[in-house]
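Engineer: So here's query_16.txt, just compact mmCIF, C-alpha atoms:
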```txt
# COMPACT_ATOMS: atom_id res chain seq x y z
CA MET S 39 -7.89 7.20 15.79
CA ASN S 40 -5.74 5.06 13.52
CA GLU S 41 -7.59 4.56 10.24
CA ASP S 42 -4.95 2.23 8.76
CA ARG S 43 -5.67 -1.45 8.35
CA ALA S 44 -3.36 -4.35 7.45
CA SER S 45 -3.65 -8.05 6.69
CA ALA S 46 -1.39 -11.04 6.08
CA THR S 47 -2.08 -14.61 4.98
CA ILE S 48 0.31 -17.48 4.30
CA SER S 49 -0.32 -20.93 2.87
CA ASP S 50 0.85 -23.97 4.80
CA GLU S 51 0.83 -25.95 1.55
CA ASP S 52 3.35 -24.09 -0.63
CA GLY S 53 4.36 -20.98 1.31
CA SER S 54 2.35 -18.58 -0.86
CA TRP S 55 1.46 -15.35 0.91
CA VAL S 56 -0.43 -12.08 0.56
CA ILE S 57 0.22 -8.96 2.66
CA ALA S 58 -1.63 -5.64 2.41
CA VAL S 59 -1.79 -2.20 3.96
CA ALA S 60 -4.72 0.19 3.46
CA ASP S 61 -5.11 3.75 4.70
CA GLY S 62 -8.41 5.57 5.04
CA LEU S 63 -8.11 8.90 3.21
CA GLY S 64 -7.70 11.78 5.63
CA GLY S 65 -10.45 14.35 5.38
CA HIS S 66 -12.97 11.81 4.12
CA THR S 67 -15.69 10.32 6.29
CA ARG S 68 -15.45 6.77 7.65
CA GLY S 69 -11.88 6.30 6.52
CA ASP S 70 -11.40 3.41 8.93
CA GLU S 71 -14.34 1.57 7.38
CA ALA S 72 -12.98 2.20 3.91
CA ALA S 73 -9.57 0.81 4.85
CA GLN S 74 -11.18 -2.25 6.46
CA ALA S 75 -13.34 -2.85 3.39
CA ALA S 76 -10.24 -2.60 1.18
CA ILE S 77 -8.44 -5.49 2.89
CA GLU S 78 -11.18 -7.68 4.31
CA GLY S 79 -12.03 -9.55 1.11
CA LEU S 80 -8.57 -9.93 -0.40
CA PRO S 81 -7.88 -13.46 -1.68
CA PRO S 82 -5.33 -15.62 0.17
CA ARG S 83 -3.44 -16.27 -3.08
CA ILE S 84 -2.62 -13.96 -6.03
CA ALA S 85 -0.58 -15.62 -8.77
CA SER S 86 -0.83 -13.30 -11.80
CA PRO S 87 -1.24 -9.63 -12.75
CA ASP S 88 -4.80 -10.38 -13.84
CA GLU S 89 -5.61 -11.81 -10.40
CA MET S 90 -4.07 -8.74 -8.78
CA ALA S 91 -6.21 -6.46 -10.93
CA VAL S 92 -9.33 -8.43 -10.00
CA ALA S 93 -8.45 -8.18 -6.30
CA PHE S 94 -8.19 -4.39 -6.57
CA GLY S 95 -11.41 -4.15 -8.57
CA GLU S 96 -13.30 -6.13 -5.95
CA ALA S 97 -11.76 -4.03 -3.16
CA ASN S 98 -12.89 -0.91 -4.96
CA GLU S 99 -16.45 -2.25 -5.18
CA ARG S 100 -16.47 -2.91 -1.43
CA VAL S 101 -15.35 0.63 -0.64
CA LEU S 102 -17.81 2.14 -3.12
CA ALA S 103 -20.62 0.15 -1.48
CA LEU S 104 -20.07 2.07 1.77
CA THR S 105 -21.51 5.17 0.10
CA GLY S 106 -24.64 3.35 -0.99
CA PRO S 107 -26.52 3.25 -4.28
CA GLU S 108 -29.14 5.91 -3.54
CA ALA S 109 -29.08 8.89 -5.88
CA TRP S 110 -29.01 11.42 -3.06
CA GLN S 111 -25.89 9.78 -1.64
CA ARG S 112 -24.14 9.93 -5.01
CA ARG S 113 -24.65 13.71 -4.96
CA LEU S 114 -22.77 14.10 -1.70
CA PRO S 115 -19.69 16.35 -1.61
CA LEU S 116 -16.57 14.39 -2.52
CA PHE S 117 -15.11 14.57 1.00
CA MET S 118 -18.11 12.62 2.31
CA PHE S 119 -17.30 9.56 0.21
CA PRO S 120 -15.35 6.92 2.18
CA MET S 121 -12.08 6.36 0.30
CA SER S 122 -8.94 4.33 0.87
CA THR S 123 -5.46 3.74 -0.47
CA LEU S 124 -4.18 0.18 -0.83
CA THR S 125 -0.95 -1.68 -1.50
CA VAL S 126 -0.83 -5.46 -1.88
CA ALA S 127 2.21 -7.74 -2.24
CA ALA S 128 1.80 -11.42 -3.09
CA TRP S 129 4.20 -14.29 -3.72
CA THR S 130 3.60 -17.75 -5.16
CA PRO S 131 6.18 -20.34 -6.25
CA ASP S 132 4.97 -20.21 -9.87
CA GLY S 133 3.98 -16.56 -10.23
CA GLY S 134 6.83 -15.00 -8.29
CA LEU S 135 6.42 -11.66 -6.56
CA LEU S 136 3.62 -9.28 -7.56
CA ILE S 137 2.96 -5.85 -6.06
CA GLY S 138 -0.01 -3.61 -6.78
CA TRP S 139 -0.78 -0.19 -5.36
CA MET S 140 -3.19 2.75 -5.47
CA GLY S 141 -2.90 6.05 -3.66
CA ASP S 142 0.02 6.92 -1.40
CA THR S 143 0.47 3.72 0.57
CA LEU S 144 3.72 2.67 -1.09
CA PRO S 145 5.71 -0.51 -1.75
CA PHE S 146 9.47 -0.76 -1.25
CA VAL S 147 11.88 -3.58 -2.06
CA ALA S 148 15.23 -4.19 -0.38
CA THR S 149 18.17 -6.57 -0.58
CA ALA S 150 20.46 -7.53 2.28
CA GLY S 151 24.22 -7.02 2.12
CA PRO S 152 27.26 -6.86 4.41
CA ASP S 153 26.59 -3.19 5.16
CA GLY S 154 22.87 -3.61 5.73
CA PHE S 155 19.92 -3.34 3.39
CA LYS S 156 19.78 -1.52 0.07
CA GLY S 157 16.41 -0.64 -1.39
CA PHE S 158 14.05 1.78 -3.03
CA CYS S 159 10.39 2.60 -3.58
CA CYS S 160 9.02 0.57 -6.49
CA GLY S 161 5.82 2.61 -6.66
CA ARG S 162 4.96 6.29 -6.77
CA PRO S 163 2.45 8.40 -4.85
CA HIS S 164 -0.73 9.02 -6.81
CA ARG S 165 -0.90 12.66 -5.81
CA GLN S 166 -1.73 15.94 -7.44
CA PRO S 167 0.63 18.91 -6.87
CA ASP S 168 -1.74 20.18 -4.17
CA GLY S 169 -1.33 16.91 -2.25
CA SER S 170 -4.74 15.41 -3.03
CA ILE S 171 -4.96 11.75 -4.07
CA ASP S 172 -5.95 11.30 -7.72
CA ILE S 173 -6.25 7.48 -7.73
CA CYS S 174 -7.79 5.65 -4.79
CA LEU S 175 -10.42 3.10 -3.84
CA GLY S 176 -13.98 4.40 -3.48
CA MET S 177 -13.61 7.41 -5.76
CA PRO S 178 -16.94 7.85 -7.60
CA PRO S 179 -17.01 7.93 -11.41
CA MET S 180 -16.31 11.41 -12.74
CA ASP S 181 -18.99 11.15 -15.43
CA ALA S 182 -22.12 9.15 -16.14
CA GLU S 183 -20.43 6.94 -18.73
CA ALA S 184 -17.63 5.83 -16.40
CA ARG S 185 -18.11 2.35 -14.98
CA ALA S 186 -18.34 2.33 -11.20
CA GLY S 187 -15.80 0.01 -9.69
CA PHE S 188 -13.33 0.14 -12.56
CA VAL S 189 -9.81 0.82 -11.33
CA GLU S 190 -6.42 1.18 -13.01
CA VAL S 191 -4.13 -0.56 -10.55
CA GLU S 192 -0.38 -0.27 -11.10
CA ILE S 193 1.48 -3.57 -10.85
CA VAL S 194 5.14 -4.45 -10.50
CA GLY S 195 6.32 -8.03 -11.03
CA GLU S 196 9.50 -9.80 -9.93
CA SER S 197 9.30 -13.28 -11.43
CA GLY S 198 11.03 -16.30 -9.99
CA GLU S 199 13.66 -16.86 -7.35
CA GLY S 200 16.53 -15.18 -9.19
CA SER S 201 15.12 -11.65 -9.19
CA ARG S 202 13.37 -11.77 -5.84
CA PRO S 203 14.44 -9.13 -3.29
CA ASP S 204 15.19 -10.06 0.31
CA ALA S 205 12.43 -7.86 1.71
CA VAL S 206 9.17 -6.28 0.59
CA ILE S 207 7.95 -3.36 2.68
CA LEU S 208 4.49 -1.81 2.50
CA ALA S 209 4.17 1.54 4.28
CA SER S 210 1.28 3.95 4.68
CA ASP S 211 2.08 7.61 4.09
CA GLY S 212 2.39 8.27 7.80
CA ALA S 213 5.38 5.90 7.87
CA TRP S 214 7.35 7.13 4.83
CA GLU S 215 6.53 10.86 4.79
CA PRO S 216 8.80 11.81 7.74
CA PHE S 217 11.81 10.54 5.77
CA VAL S 218 10.86 12.58 2.71
CA TYR S 219 10.26 15.70 4.82
CA ARG S 220 13.74 15.35 6.31
CA HIS S 221 15.75 14.01 3.37
CA GLY S 222 13.79 15.09 0.29
CA ALA S 223 11.99 13.14 -2.40
CA ASP S 224 15.24 11.48 -3.54
CA TRP S 225 15.02 9.35 -0.38
CA LEU S 226 12.34 7.26 -2.12
CA SER S 227 14.80 6.12 -4.80
CA ASP S 228 18.05 6.08 -2.79
CA ASP S 229 19.31 2.52 -3.35
CA SER S 230 22.24 2.52 -0.94
CA ALA S 231 23.03 1.00 2.41
CA ALA S 232 23.65 4.49 3.79
CA GLY S 233 20.36 6.05 2.79
CA GLY S 234 16.82 5.47 1.62
CA ILE S 235 14.63 2.64 2.83
CA GLY S 236 17.71 0.42 3.20
CA ALA S 237 19.12 2.57 5.98
CA ALA S 238 15.70 2.82 7.61
CA CYS S 239 15.52 -0.99 7.80
CA GLY S 240 18.47 -1.00 10.20
CA PRO S 241 21.78 -2.81 9.59
CA GLY S 242 21.19 -5.48 12.22
CA ALA S 243 17.61 -6.45 11.39
CA ASP S 244 17.14 -10.22 11.06
CA THR S 245 13.36 -10.53 11.11
CA ALA S 246 10.43 -8.81 9.41
CA GLU S 247 9.35 -7.44 12.79
CA GLU S 248 12.77 -5.89 13.37
CA VAL S 249 12.72 -4.24 9.94
CA ALA S 250 9.28 -2.74 10.64
CA ASP S 251 10.35 -1.64 14.13
CA HIS S 252 13.49 0.10 12.79
CA ILE S 253 11.49 2.02 10.17
CA LEU S 254 8.77 3.05 12.61
CA THR S 255 11.25 4.09 15.31
CA GLU S 256 13.20 6.29 12.91
CA ALA S 257 9.99 7.78 11.51
CA LEU S 258 8.97 8.68 15.07
CA ASP S 259 12.38 10.28 15.66
CA LEU S 260 11.90 12.33 12.49
CA GLY S 261 8.59 13.72 13.74
CA LEU S 262 5.90 11.27 12.64
CA ASN S 263 2.50 12.90 13.17
CA ASP S 264 0.12 10.64 11.22
CA ASN S 265 -1.20 7.10 11.28
CA ALA S 266 1.68 4.79 10.38
CA THR S 267 1.41 1.14 9.41
CA ILE S 268 4.19 -1.08 8.03
CA ALA S 269 3.95 -4.65 6.71
CA VAL S 270 7.11 -6.58 5.85
CA ALA S 271 7.79 -9.86 4.09
CA LEU S 272 11.38 -11.02 4.57
CA TRP S 273 13.35 -13.88 3.02
CA ARG S 274 16.43 -14.53 5.20
```
Kindly return the structure encoded in the file as structure tokens.
Structural biologist:
Amino acid sequence: MNEDRASATISDEDGSWVIAVADGLGGHTRGDEAAQAAIEGLPPRIASPDEMAVAFGEANERVLALTGPEAWQRRLPLFMFPMSTLTVAAWTPDGGLLIGWMGDTLPFVATAGPDGFKGFCCGRPHRQPDGSIDICLGMPPMDAEARAGFVEVEIVGESGEGSRPDAVILASDGAWEPFVYRHGADWLSDDSAAGGIGAACGPGADTAEEVADHILTEALDLGLNDNATIAVALWR
């Protein structure tokens, strides 16, 4: 069963948009519900880092609510808590491009050139050396004084038209991991038309759908064995 969930909204008034990909944490119960809760209440417009932080905080509350408030539920083993990763990209004419992420669903940016796309990962996996996720939605407070629902979302901003990339790519771990397994961790930061996410986009891609299809097809060729979801916003 695919536990990933994705959403996209665009304004007819000024072209503002919000795209998101969430992945239910493997090994945790009801991952699909956690991923759905992460995206289902996202606002249709995010115009500042503060608004992005609020969106993640509210998403975290929705995922936490799946566990329930009862004391006996809060004493459940950690793997029984529904948890989710989440990456959100938003663009508005005034606020520019904003990207926030938690977990190992990652954001990439890319620019188009004569030899195809060039790009790199503008986030980082929130993973421990053993592979477990150390920052995600739905994780219960580690002590009694911690405030439930508080999250430390990481945010990247690209303000205005001049610094805007040609493409923003959100990919769950099932989509990007095959590349790292084959090419090594440097693939995430390889900003060349011959490697990294730029090569995965495909040199002839003209639409967001074609970019996503190229990445998914190559991930399958590399041995994809996990849920894979890709969302792309493309200015061409």
Engineer: For each of S:Ala223, S:Pro163, S:Arg83, S:Gln74, take the minimum atom-to-atom distance to Glu51 in chain S, counting only C-alpha atoms, then give the residue where this is smallest.
Structural biologist: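 Ranking S:Ala223, S:Pro163, S:Arg83, S:Gln74 by distance to Glu51 in chain S, first place goes to S:Arg83.
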Engineer: Between S:Met118, S:Val270, S:Ala150, S:Ala246, which residue has the minimum interatomic distance to Ala231 in chain S, considering all atoms listed in the file?
Structural biologist: S:Ala150
Engineer: Which residue gives the smallest distance to Ile57 in chain S among S:Met177, S:Val147, S:Ala91, S:Leu208, with all atoms listed in the file counted?
Structural biologist: S:Leu208
Engineer: Just to confirm, what's the straight-line distance from CA of Ser210 in chain S to CA of His164 in chain S in Å (one decimal)?
Structural biologist: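 Those two atoms sit 12.7 Å apart.
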Engineer: Neighbouring residues of Glu248 in chain S were defined as those with any atom within 9 Å, considering only C-alpha atoms; residues of the same chain fewer than 6 positions away were excluded. Please report them as a PyMOL selection string.
Structural biologist: chain S and resi 239-240+242
Engineer: Please report the interatomic distance between CA of Ile137 in chain S and CA of Ala58 in chain S in Å with one decimal.
Structural biologist: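 A separation of 9.6 Å between them.
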Engineer: Give me, as a ChimeraX atom specification, all polymer residues having an atom no more than 10 Å from Ala257 in chain S, counting all atoms listed in the file and skipping those fewer than 3 positions away in the same chain.
Structural biologist: /S:212-217,220,238,251-254,260-263,266
Engineer: Tell me, as a PyMOL selection string, which residues lie within 7 Å of Ala205 in chain S, counting all atoms listed in the file; anything in the same chain fewer than 3 positions away does not count.
Structural biologist: chain S and resi 147-149+270-273
Engineer: Just to confirm, what's the straight-line distance from CA of Lys156 in chain S to CA of Gly236 in chain S in Å (one decimal)?
Structural biologist: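 Straight-line distance from CA of Lys156 in chain S to CA of Gly236 in chain S works out to 4.2 Å.
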Engineer: S:Ala72, S:Ala127, S:Ala44, S:Ala209: which is nearest Ile235 in chain S, counting only C-alpha atoms?
Structural biologist: S:Ala209
Engineer: I want to know what sits within 12 Å of Gly65 in chain S, based on only C-alpha atoms, with residues of the same chain fewer than 5 positions away left out; could you give that as a list of chain:residue names?
Structural biologist: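 What passes the distance filter is S:Glu41, S:Asp70, S:Pro115, S:Leu116, S:Phe117, S:Met118, S:Phe119, S:Pro120, S:Met121, S:Ser122, S:Ser170, S:Ile171.
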Engineer: With all atoms listed in the file as the atoms that count, which of S:Gly176, S:Gly154, S:Pro82, S:Pro87 lies nearest to His66 in chain S?
Structural biologist: S:Gly176
Engineer: Which is closer to Val56 in chain S than all the others in S:Gly141, S:Asp132, S:Ala269, S:Ala73, using all atoms listed in the file?
Structural biologist: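 Under the stated criterion, the closest residue is S:Ala269.
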Engineer: Might you pull out every residue within 8 Å of Trp55 in chain S, with all atoms listed in the file counted and same-chain residues fewer than 6 positions away left off, and present them as a ChimeraX atom specification?
Structural biologist: /S:46-49,82-83,128-130
Engineer: Take the residues that were just selected and, keeping C-alpha atoms, output them as a CSV table (one decimal), in the coordinates of the input.
Structural biologist:
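This is the output file again24.csv:
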```csv
chain,number,residue,atom,x,y,z
S,46,ALA,CA,-1.4,-11.0,6.1
S,47,THR,CA,-2.1,-14.6,5.0
S,48,ILE,CA,0.3,-17.5,4.3
S,49,SER,CA,-0.3,-20.9,2.9
S,82,PRO,CA,-5.3,-15.6,0.2
S,83,ARG,CA,-3.4,-16.3,-3.1
S,128,ALA,CA,1.8,-11.4,-3.1
S,129,TRP,CA,4.2,-14.3,-3.7
S,130,THR,CA,3.6,-17.8,-5.2
```
Engineer: Anything within 10 Å of (-0.5, 10.4, -3.3): list those residues as a list in words, counting all atoms listed in the file and sticking to the file's coordinates.
Structural biologist: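 Using all atoms listed in the file, the matching residues come out as Thr123, Met140, Gly141, Asp142, Thr143, Leu144, Arg162, Pro163, His164, Arg165, Gln166, Pro167, Asp168, Gly169, Ser170, Ile171, Asp172, Ile173, Cys174 and Asp211 of chain S.
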